[in-house]
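Trainee: File follows, model_16.csv with CSV, C-alpha atoms and all ligand atoms:
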chain,number,residue,atom,x,y,z
A,291,MET,CA,4.9,4.7,-30.6
A,292,SER,CA,6.0,8.3,-31.0
A,293,ASN,CA,9.8,8.8,-31.4
A,294,ASP,CA,10.3,11.9,-29.4
A,295,ALA,CA,9.9,10.1,-26.0
A,296,LEU,CA,12.7,10.5,-23.5
A,297,LEU,CA,12.1,7.1,-22.1
A,298,VAL,CA,9.9,4.2,-23.2
A,299,LEU,CA,9.0,1.0,-21.5
A,300,ASP,CA,8.1,-1.1,-24.5
A,301,LYS,CA,5.9,-4.2,-23.8
A,302,VAL,CA,7.8,-5.1,-20.6
A,303,CYS,CA,6.9,-8.2,-18.6
A,304,LYS,CA,7.8,-9.2,-15.1
A,305,SER,CA,7.1,-12.3,-13.0
A,306,PHE,CA,7.9,-13.2,-9.5
A,307,GLY,CA,8.1,-17.0,-9.4
A,308,SER,CA,5.1,-18.2,-11.3
A,309,VAL,CA,3.1,-15.0,-10.8
A,310,GLN,CA,3.1,-12.6,-13.7
A,311,VAL,CA,2.9,-9.1,-12.2
A,312,ILE,CA,3.5,-7.1,-15.4
A,313,ASP,CA,2.2,-8.3,-18.7
A,314,GLU,CA,3.4,-6.3,-21.8
A,315,ALA,CA,3.1,-2.9,-20.3
A,316,THR,CA,4.0,0.1,-22.4
A,317,VAL,CA,4.7,3.6,-20.9
A,318,GLU,CA,6.2,6.7,-22.5
A,319,VAL,CA,7.9,9.5,-20.7
A,320,HIS,CA,8.2,12.9,-22.5
A,321,ALA,CA,10.2,16.0,-21.7
A,322,GLY,CA,8.2,18.5,-19.7
A,323,LYS,CA,5.2,16.1,-19.4
A,324,VAL,CA,3.7,14.1,-16.6
A,325,SER,CA,2.8,10.4,-17.3
A,326,VAL,CA,0.4,9.2,-14.6
A,327,LEU,CA,0.2,5.5,-13.6
A,328,LEU,CA,-3.2,4.8,-12.4
A,329,GLY,CA,-4.3,1.5,-10.9
A,330,GLU,CA,-5.6,-0.1,-7.7
A,331,ASN,CA,-3.3,-1.5,-5.0
A,332,GLY,CA,-1.3,-4.5,-6.2
A,333,ALA,CA,-1.9,-3.6,-9.9
A,334,GLY,CA,1.9,-3.5,-10.4
A,335,LYS,CA,2.6,0.2,-10.5
A,336,SER,CA,5.7,0.1,-8.2
A,337,THR,CA,7.0,-3.1,-9.9
A,338,LEU,CA,6.8,-1.2,-13.2
A,339,ILE,CA,8.7,1.8,-12.1
A,340,LYS,CA,11.3,-0.3,-10.3
A,341,MET,CA,12.3,-1.6,-13.8
A,342,ILE,CA,13.3,2.0,-14.6
A,343,ALA,CA,14.9,2.6,-11.2
A,344,GLY,CA,17.2,-0.4,-11.6
A,345,VAL,CA,15.6,-2.5,-8.8
A,346,HIS,CA,14.1,-5.2,-11.1
A,347,GLU,CA,15.0,-6.1,-14.7
A,348,PRO,CA,12.2,-6.9,-17.1
A,349,ASP,CA,11.9,-10.6,-18.2
A,350,ALA,CA,10.8,-9.5,-21.6
A,351,GLY,CA,10.3,-6.3,-23.6
A,352,ARG,CA,12.7,-3.3,-24.0
A,353,ILE,CA,13.6,-0.1,-22.2
A,354,LEU,CA,14.5,2.8,-24.6
A,355,MET,CA,16.2,6.0,-23.6
A,356,ASP,CA,16.3,8.6,-26.4
A,357,GLY,CA,15.3,5.8,-28.7
A,358,ASN,CA,18.2,3.5,-27.8
A,359,ALA,CA,17.7,0.2,-26.0
A,360,VAL,CA,19.3,0.3,-22.6
A,361,LYS,CA,19.8,-2.1,-19.7
A,362,ILE,CA,19.3,-0.9,-16.2
A,363,PRO,CA,20.7,-3.6,-13.9
A,364,ASN,CA,21.1,-1.5,-10.8
A,365,THR,CA,20.3,1.9,-9.3
A,366,LYS,CA,23.7,3.4,-10.3
A,367,ALA,CA,22.9,2.6,-14.0
A,368,SER,CA,19.5,4.3,-13.6
A,369,GLU,CA,21.1,7.4,-12.1
A,370,ALA,CA,23.8,7.4,-14.8
A,371,LEU,CA,21.0,7.6,-17.4
A,372,GLY,CA,19.6,10.7,-15.7
A,373,ILE,CA,16.7,8.9,-14.0
A,374,ALA,CA,15.8,9.7,-10.4
A,375,THR,CA,13.2,7.8,-8.4
A,376,ILE,CA,11.4,8.9,-5.3
A,377,HIS,CA,10.2,5.6,-3.9
A,378,GLN,CA,7.2,5.1,-1.6
A,379,GLU,CA,9.7,4.5,1.1
A,380,LEU,CA,11.9,7.5,1.2
A,381,ASN,CA,15.7,7.0,0.9
A,382,LEU,CA,17.3,9.7,3.0
A,383,VAL,CA,19.6,9.3,5.9
A,384,PRO,CA,17.7,10.9,8.9
A,385,SER,CA,20.9,11.6,11.0
A,386,MET,CA,22.5,13.5,8.1
A,387,THR,CA,21.9,17.1,7.2
A,388,ILE,CA,20.0,18.2,4.1
A,389,ALA,CA,23.4,19.2,2.5
A,390,GLU,CA,24.9,15.8,3.3
A,391,ASN,CA,22.0,13.9,1.9
A,392,ILE,CA,21.9,15.9,-1.3
A,393,THR,CA,25.6,15.3,-1.9
A,394,LEU,CA,25.7,11.7,-0.6
A,395,GLY,CA,28.1,9.6,-2.7
A,396,ARG,CA,29.6,12.6,-4.4
A,397,VAL,CA,30.9,14.8,-1.6
A,398,PRO,CA,33.1,17.6,-2.9
A,399,ARG,CA,36.6,17.4,-1.6
A,400,LYS,CA,39.5,19.8,-1.5
A,401,PHE,CA,43.0,18.3,-0.9
A,402,GLY,CA,41.2,15.2,0.2
A,403,ILE,CA,39.2,17.0,2.8
A,404,ILE,CA,35.5,17.3,2.6
A,405,ASN,CA,34.7,20.7,1.3
A,406,ARG,CA,31.6,21.6,3.5
A,407,ARG,CA,31.2,25.0,1.9
A,408,ALA,CA,31.0,23.5,-1.6
A,409,MET,CA,28.6,20.8,-0.2
A,410,ARG,CA,26.3,23.5,1.2
A,411,GLN,CA,26.5,25.5,-2.0
A,412,ILE,CA,25.4,22.5,-4.1
A,413,ALA,CA,22.5,21.8,-1.7
A,414,ARG,CA,21.4,25.4,-1.6
A,415,GLU,CA,21.4,25.7,-5.4
A,416,ALA,CA,19.2,22.6,-5.6
A,417,MET,CA,16.8,23.9,-2.9
A,418,ASP,CA,16.6,27.3,-4.6
A,419,LYS,CA,15.6,25.7,-7.9
A,420,LEU,CA,12.5,24.4,-6.0
A,421,GLY,CA,11.9,27.6,-4.1
A,422,LEU,CA,12.6,25.8,-0.9
A,423,ASN,CA,13.7,27.9,2.0
A,424,LEU,CA,15.2,25.4,4.5
A,425,ASP,CA,18.5,25.6,6.3
A,426,VAL,CA,20.7,23.0,4.6
A,427,ASN,CA,22.4,22.2,7.9
A,428,THR,CA,19.2,20.8,9.3
A,429,PRO,CA,19.3,17.0,9.9
A,430,VAL,CA,16.7,15.4,7.6
A,431,GLY,CA,15.2,13.5,10.5
A,432,GLU,CA,13.9,16.8,11.9
A,433,LEU,CA,11.8,17.4,8.8
A,434,GLY,CA,8.3,16.4,8.1
A,435,LEU,CA,7.5,13.8,5.4
A,436,ALA,CA,6.5,16.4,2.8
A,437,GLN,CA,9.8,18.3,3.3
A,438,GLN,CA,11.8,15.1,3.1
A,439,GLN,CA,10.1,14.3,-0.2
A,440,LEU,CA,11.1,17.8,-1.5
A,441,VAL,CA,14.7,17.3,-0.3
A,442,GLU,CA,14.7,14.0,-2.3
A,443,ILE,CA,13.4,15.9,-5.4
A,444,ALA,CA,16.1,18.6,-4.8
A,445,LYS,CA,18.7,15.8,-4.7
A,446,ALA,CA,17.4,14.5,-8.0
A,447,LEU,CA,17.6,17.9,-9.5
A,448,SER,CA,21.2,18.4,-8.4
A,449,LEU,CA,22.0,15.2,-10.2
A,450,ASP,CA,20.5,16.8,-13.3
A,451,ALA,CA,17.8,14.1,-13.6
A,452,ARG,CA,15.9,14.2,-17.0
A,453,VAL,CA,13.4,11.7,-15.8
A,454,LEU,CA,11.8,11.9,-12.3
A,455,ILE,CA,9.6,9.1,-11.0
A,456,LEU,CA,7.3,9.8,-8.0
A,457,ASP,CA,5.7,6.7,-6.5
A,458,GLU,CA,2.5,7.8,-4.7
A,459,PRO,CA,4.1,11.1,-3.4
A,460,THR,CA,0.9,12.6,-2.1
A,461,ALA,CA,-0.3,9.6,-0.1
A,462,ALA,CA,0.8,11.0,3.3
A,463,LEU,CA,0.7,14.7,2.6
A,464,THR,CA,-1.8,17.4,3.7
A,465,LYS,CA,-3.7,19.5,1.1
A,466,ALA,CA,-1.3,22.4,1.5
A,467,GLU,CA,1.7,20.1,1.1
A,468,ILE,CA,0.2,18.6,-2.0
A,469,ALA,CA,-0.3,22.1,-3.5
A,470,HIS,CA,3.4,22.9,-2.9
A,471,LEU,CA,4.4,19.6,-4.4
A,472,PHE,CA,2.3,20.3,-7.5
A,473,SER,CA,3.9,23.8,-7.9
A,474,VAL,CA,7.3,22.0,-7.8
A,475,VAL,CA,6.1,19.5,-10.4
A,476,ASN,CA,5.0,22.5,-12.6
A,477,THR,CA,8.4,24.1,-12.2
A,478,LEU,CA,10.0,20.9,-13.3
A,479,LYS,CA,7.7,20.6,-16.3
A,480,ALA,CA,8.8,24.1,-17.3
A,481,GLN,CA,12.4,22.9,-17.0
A,482,GLY,CA,11.8,20.0,-19.4
A,483,VAL,CA,12.0,17.2,-16.8
A,484,GLY,CA,9.9,14.2,-17.8
A,485,MET,CA,7.9,12.7,-14.9
A,486,VAL,CA,6.1,9.5,-14.0
A,487,PHE,CA,3.6,10.1,-11.3
A,488,ILE,CA,1.8,7.3,-9.5
A,489,SER,CA,-1.6,8.3,-8.0
A,490,HIS,CA,-5.1,7.1,-7.6
A,491,HIS,CA,-6.8,10.4,-7.1
A,492,LEU,CA,-8.7,11.6,-10.1
A,493,ASP,CA,-8.6,15.3,-9.1
A,494,GLU,CA,-4.8,15.2,-8.8
A,495,ILE,CA,-4.5,13.5,-12.2
A,496,ALA,CA,-6.6,16.2,-13.9
A,497,GLU,CA,-4.5,18.9,-12.2
A,498,ILE,CA,-1.0,17.9,-13.1
A,499,GLY,CA,-1.2,14.9,-15.5
A,500,ASP,CA,-0.7,15.0,-19.2
A,501,PHE,CA,-1.1,11.3,-20.0
A,502,VAL,CA,-2.7,8.6,-17.9
A,503,ASN,CA,-1.7,5.0,-18.2
A,504,VAL,CA,-4.4,2.8,-16.7
A,505,LEU,CA,-3.1,-0.5,-15.3
A,506,ARG,CA,-5.1,-3.4,-14.1
A,507,ASP,CA,-3.6,-6.6,-12.8
A,508,GLY,CA,-0.3,-5.8,-14.6
A,509,LYS,CA,-2.0,-5.4,-17.9
A,510,PHE,CA,-2.3,-2.0,-19.7
A,511,ILE,CA,-5.8,-1.2,-20.3
A,512,ALA,CA,-5.3,2.2,-22.0
A,513,THR,CA,-3.2,5.3,-22.2
A,514,VAL,CA,-5.4,8.4,-22.4
A,515,LEU,CA,-5.0,12.2,-22.1
A,516,ALA,CA,-5.3,13.4,-18.5
A,517,ASP,CA,-8.3,15.7,-19.4
A,518,THR,CA,-10.4,12.6,-20.2
A,519,GLU,CA,-13.7,12.8,-18.5
A,520,GLU,CA,-13.8,11.1,-15.0
A,521,ASN,CA,-16.6,8.8,-16.0
A,522,GLU,CA,-14.5,7.7,-19.0
A,523,LEU,CA,-11.6,6.8,-16.7
A,524,VAL,CA,-13.6,4.8,-14.2
A,525,ARG,CA,-15.7,3.1,-16.9
A,526,PRO,CA,-15.6,-0.6,-16.4
A,527,THR,CA,-13.6,-1.2,-19.5
A,528,LEU,CA,-10.8,1.0,-18.1
A,529,MET,CA,-11.0,0.4,-14.4
A,530,GLN,CA,-12.9,-1.5,-11.8
A,531,PRO,CA,-14.8,1.0,-9.7
A,532,ALA,CA,-13.7,-1.0,-6.6
A,533,CYS,CA,-10.3,0.7,-6.8
A,534,TRP,CA,-11.7,4.1,-6.0
A,535,PRO,CA,-11.5,5.1,-2.3
B,1,LIG,N1,9.6,-8.6,-4.9
B,1,LIG,C1,8.4,-9.1,-5.0
B,1,LIG,N2,8.3,-10.5,-4.9
B,1,LIG,C2,7.1,-11.1,-5.1
B,1,LIG,N3,6.0,-10.4,-5.3
B,1,LIG,C3,6.0,-9.1,-5.5
B,1,LIG,C4,7.3,-8.4,-5.3
B,1,LIG,N4,7.0,-7.1,-5.5
B,1,LIG,C5,5.7,-7.0,-5.7
B,1,LIG,N5,5.1,-8.2,-5.7
B,1,LIG,C6,3.7,-8.5,-6.0
B,1,LIG,O1,3.4,-7.9,-7.2
B,1,LIG,C7,2.1,-7.3,-7.2
B,1,LIG,C8,2.1,-5.8,-7.6
B,1,LIG,O2,2.8,-5.1,-6.6
B,1,LIG,P1,3.1,-3.6,-6.7
B,1,LIG,O3,3.9,-3.4,-7.9
B,1,LIG,O4,3.8,-3.2,-5.4
B,1,LIG,O5,1.7,-2.9,-6.9
B,1,LIG,P2,1.2,-1.4,-6.7
B,1,LIG,O6,2.4,-0.6,-6.6
B,1,LIG,O7,0.4,-1.1,-7.9
B,1,LIG,O8,0.3,-1.4,-5.5
B,1,LIG,C9,1.5,-7.5,-5.9
B,1,LIG,O9,0.7,-8.7,-5.9
B,1,LIG,C10,2.7,-7.8,-5.0
B,1,LIG,O10,2.5,-8.6,-3.9
B,2,MG,MG,3.1,0.7,-5.1
Any chance you could put this one into C-alpha cells?
Ligand SMILES: Nc1ncnc2c1ncn2[C@@H]1O[C@H](COP(=O)(O)OP(=O)(O)O)[C@@H](O)[C@H]1O
Ligand SMILES: [Mg+2]

Mentor:
Amino acid sequence: MSNDALLVLDKVCKSFGSVQVIDEATVEVHAGKVSVLLGENGAGKSTLIKMIAGVHEPDAGRILMDGNAVKIPNTKASEALGIATIHQELNLVPSMTIAENITLGRVPRKFGIINRRAMRQIAREAMDKLGLNLDVNTPVGELGLAQQQLVEIAKALSLDARVLILDEPTAALTKAEIAHLFSVVNTLKAQGVGMVFISHHLDEIAEIGDFVNVLRDGKFIATVLADTEENELVRPTLMQPACWP
C-alpha cells in the first residue's frame, strides 16, 4: 500500500445477515486522482462507499484517513473528516432554494437572525468554483437532475471536502450533461480533491479515471490503471462480460 493516500479502505468486509456482500476489499483515494469502482449491478459498489459515507460500518478491516485509522459511525463523522458523498439517490430538499440547500445545517446568522445575504454569498462562491451560472434563489425542485447533482457537488465544495464520492453520477444524464460533469471533475482534480467514481461505462473510465478497482461479488479482482486496454478490463479473469450493457 502506498502511504500518500488520502483515504484507504483496507481489507474491509461487510455482511448483511448471513450474506457477505464485501469480502476484504481494498481501495485507495489519492489527492487529485479519480479512483473508479467498476462492477456489475449488485457487486457491492454502493455498500462499499457507504462505509466511507458513514451509512454502514465495516465488520472487519480498517479505514485510514491520512494514514490514521478512523471510525465513521455516521454521516456527520464522514463530513467532519472532509468526505462528501453524492449518493445514487440525491439528498437535496426540493422545496428549498439552491442557497438554502448548500448551507443546510450551517445557516449563517447575525444577531440570531438568518443572514440571507451571507447564505447567498456562500452558495454563489461554491457555484462559481464549478463555473455554474444558476440563480441561487431557484428552488432545487425546479432544476433538472444533472443540475441538482452539480448543486450537490457545489455543496460538497463549500464544505471543503477533500474526498468526493460519486455513486453512478452519469446514469441519468445526457451526453452534454456528462461532458459538463467531467469538466467539473477535472476542475476538482486540479484543486487536489480525491474522488471515487462509480461507473460501468468503459469510455467514461478511460476519459476521467486514474485507477480502476474491479469488483465482482464483493471481492476485489484487481486495481489497474485507467488506461488499461478495454479487452484487458473485460477479460474473464477481471470481469464477467455479462456485466456490460
Ligand atoms: N441494507 C442492505 N441489507 C441487505 N442487503 C443489502 C443492503 N444493501 C445492499 N444489499 C445487498 O448487497 C448487494 C450489493 O448491493 P450494492 O452495494 O447496492 O451493489 P451495487 O451498488 O454494486 O449495485 C446486493 O445483493 C444487495 O441486495
Ligand atoms: Mg449501487

Trainee: Find the residues of chain A that sit at most 10 Å from ligand MG 2 (chain B); for each, write down the nearest two atoms and how far apart they are in Å, to one decimal. Count all atoms listed in the file. Sort by chain, then by number going up, and give it as CSV.

Mentor:
residue,atom,partner,partner_atom,distance
A:Gly329,CA,B:MG2,MG,9.4
A:Glu330,CA,B:MG2,MG,9.1
A:Asn331,CA,B:MG2,MG,6.8
A:Gly332,CA,B:MG2,MG,6.9
A:Ala333,CA,B:MG2,MG,8.2
A:Gly334,CA,B:MG2,MG,6.9
A:Lys335,CA,B:MG2,MG,5.4
A:Ser336,CA,B:MG2,MG,4.1
A:Thr337,CA,B:MG2,MG,7.3
A:Leu338,CA,B:MG2,MG,9.1
A:Ile339,CA,B:MG2,MG,9.0
A:Lys340,CA,B:MG2,MG,9.8
A:His377,CA,B:MG2,MG,8.7
A:Gln378,CA,B:MG2,MG,7.0
A:Glu379,CA,B:MG2,MG,9.8
A:Asp457,CA,B:MG2,MG,6.7
A:Glu458,CA,B:MG2,MG,7.1
A:Ile488,CA,B:MG2,MG,8.0
A:Ser489,CA,B:MG2,MG,9.4

Trainee: Point out the residue among A:Glu347, A:Asp425, A:Glu390, A:Glu432 with the least atom-to-atom distance to ligand LIG 1 (chain B), counting only C-alpha atoms and all ligand atoms.

Mentor: A:Glu347

Trainee: Each residue of segment 296-381 of chain A with at least one atom at most 9 Å from segment 441-454 of chain A should appear once, together with its nearest atom pair and the corresponding distance in Å (one decimal); atoms considered: only C-alpha atoms; ordering: chain, then increasing residue number; output as CSV.

Mentor:
residue,atom,partner,partner_atom,distance
A:Leu296,CA,A:Val453,CA,7.8
A:Leu297,CA,A:Val453,CA,7.9
A:Val319,CA,A:Val453,CA,7.7
A:His320,CA,A:Val453,CA,8.6
A:Ala321,CA,A:Arg452,CA,7.6
A:Glu369,CA,A:Ala451,CA,7.6
A:Leu371,CA,A:Ala451,CA,8.2
A:Gly372,CA,A:Ala451,CA,4.4
A:Ile373,CA,A:Val453,CA,4.7
A:Ala374,CA,A:Leu454,CA,4.9
A:Thr375,CA,A:Leu454,CA,5.8
A:Ile376,CA,A:Glu442,CA,6.8
A:Leu380,CA,A:Glu442,CA,7.9
A:Asn381,CA,A:Glu442,CA,7.8

Trainee: For the residues in the current selection, export C-alpha atoms as a PDB file, in the frame of the given file.

Mentor:
ATOM      1  CA  LEU A 296      12.700  10.500 -23.500  1.00  0.00           C
ATOM      2  CA  LEU A 297      12.100   7.100 -22.100  1.00  0.00           C
ATOM      3  CA  VAL A 319       7.900   9.500 -20.700  1.00  0.00           C
ATOM      4  CA  HIS A 320       8.200  12.900 -22.500  1.00  0.00           C
ATOM      5  CA  ALA A 321      10.200  16.000 -21.700  1.00  0.00           C
ATOM      6  CA  GLU A 369      21.100   7.400 -12.100  1.00  0.00           C
ATOM      7  CA  LEU A 371      21.000   7.600 -17.400  1.00  0.00           C
ATOM      8  CA  GLY A 372      19.600  10.700 -15.700  1.00  0.00           C
ATOM      9  CA  ILE A 373      16.700   8.900 -14.000  1.00  0.00           C
ATOM     10  CA  ALA A 374      15.800   9.700 -10.400  1.00  0.00           C
ATOM     11  CA  THR A 375      13.200   7.800  -8.400  1.00  0.00           C
ATOM     12  CA  ILE A 376      11.400   8.900  -5.300  1.00  0.00           C
ATOM     13  CA  LEU A 380      11.900   7.500   1.200  1.00  0.00           C
ATOM     14  CA  ASN A 381      15.700   7.000   0.900  1.00  0.00           C
TER      15      ASN A 381
END

Trainee: What is the distance, in Å and to one decimal place, between atom CA of His490 of chain A and atom CA of Leu471 of chain A?

Mentor: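 Computing the Euclidean distance for atom CA of His490 of chain A and atom CA of Leu471 of chain A yields 16.0 Å.
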
Trainee: So the first atom is atom CA of Gln310 of chain A and the second is atom CA of Val514 of chain A; what is the distance between them in Å, to one decimal place?

Mentor: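 Taking atom CA of Gln310 of chain A and atom CA of Val514 of chain A, their separation equals 24.3 Å.
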
Trainee: Quick one: of A:Glu318, A:Gly482, A:Asn503, A:Ile388, who's nearest to Asp356 of chain A, counting all atoms listed in the file?

Mentor: A:Glu318

Trainee: So that I can check the surroundings of Phe487 of chain A, please list as a list in words every protein, DNA and RNA residue that reaches within 9 Å of it, counting all atoms listed in the file and ignoring chain neighbours fewer than 3 positions away.

Mentor: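 Returned residues: Val324, Ser325, Val326, Leu327, Leu328, Leu454, Ile455, Leu456, Asp457, Glu458, Pro459, Ile495 and Gly499 of chain A.
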
Trainee: Take the residues that were just selected and, keeping C-alpha atoms, output them as a PDB file, keeping the file's coordinate frame.

Mentor:
ATOM      1  CA  VAL A 324       3.700  14.100 -16.600  1.00  0.00           C
ATOM      2  CA  SER A 325       2.800  10.400 -17.300  1.00  0.00           C
ATOM      3  CA  VAL A 326       0.400   9.200 -14.600  1.00  0.00           C
ATOM      4  CA  LEU A 327       0.200   5.500 -13.600  1.00  0.00           C
ATOM      5  CA  LEU A 328      -3.200   4.800 -12.400  1.00  0.00           C
ATOM      6  CA  LEU A 454      11.800  11.900 -12.300  1.00  0.00           C
ATOM      7  CA  ILE A 455       9.600   9.100 -11.000  1.00  0.00           C
ATOM      8  CA  LEU A 456       7.300   9.800  -8.000  1.00  0.00           C
ATOM      9  CA  ASP A 457       5.700   6.700  -6.500  1.00  0.00           C
ATOM     10  CA  GLU A 458       2.500   7.800  -4.700  1.00  0.00           C
ATOM     11  CA  PRO A 459       4.100  11.100  -3.400  1.00  0.00           C
ATOM     12  CA  ILE A 495      -4.500  13.500 -12.200  1.00  0.00           C
ATOM     13  CA  GLY A 499      -1.200  14.900 -15.500  1.00  0.00           C
TER      14      GLY A 499
END

Trainee: Have a look at atom CA of Glu497 of chain A and atom C7 of ligand LIG 1 (chain B) and let me know their distance in Å, one decimal.

Mentor: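 These atoms are spaced 27.5 Å apart.
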
Trainee: Scan for residues within 6 Å of the point (-1.4, -2.4, -21.9) in the coordinates of the file, using all atoms listed in the file, and reply as a list in words.

Mentor: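 Protein and nucleic acid residues near the point are Ala315, Thr316, Lys509, Phe510 and Ile511 of chain A.
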
Trainee: Give as a list in words the set of residues within 12 Å of the point (10.2, 22.1, -21.3), where distances use the file's coordinates and only C-alpha atoms.

Mentor: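 Selection result: His320, Ala321, Gly322, Lys323, Val324, Arg452, Val475, Asn476, Thr477, Leu478, Lys479, Ala480, Gln481, Gly482, Val483, Gly484 and Met485 of chain A.
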
Trainee: Of the candidates A:Val430, A:Val486, A:Val309, A:Leu424, which one gets nearest to ligand LIG 1 (chain B) if we count all atoms listed in the file?

Mentor: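 When distances to ligand LIG 1 (chain B) are compared using all atoms listed in the file, the smallest one comes from A:Val309.
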
Trainee: Let me make sure I understand: among A:Asp418, A:Asp507, A:Asp517, A:Asp294, which one has the smallest atom-to-atom distance to ligand LIG 1 (chain B) if we use only C-alpha atoms and all ligand atoms?

Mentor: A:Asp507

Trainee: Which of these residues is nearest to ligand LIG 1 (chain B), using only C-alpha atoms and all ligand atoms: A:Glu467, A:Asp300, A:Asp313, A:Glu519?

Mentor: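 Smallest distance to ligand LIG 1 (chain B) is found for A:Asp313.
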
Trainee: Could you tell me which of A:Lys419, A:Arg506, A:Lys366, A:Arg414 comes closest to ligand LIG 1 (chain B) if we count only C-alpha atoms and all ligand atoms?

Mentor: A:Arg506
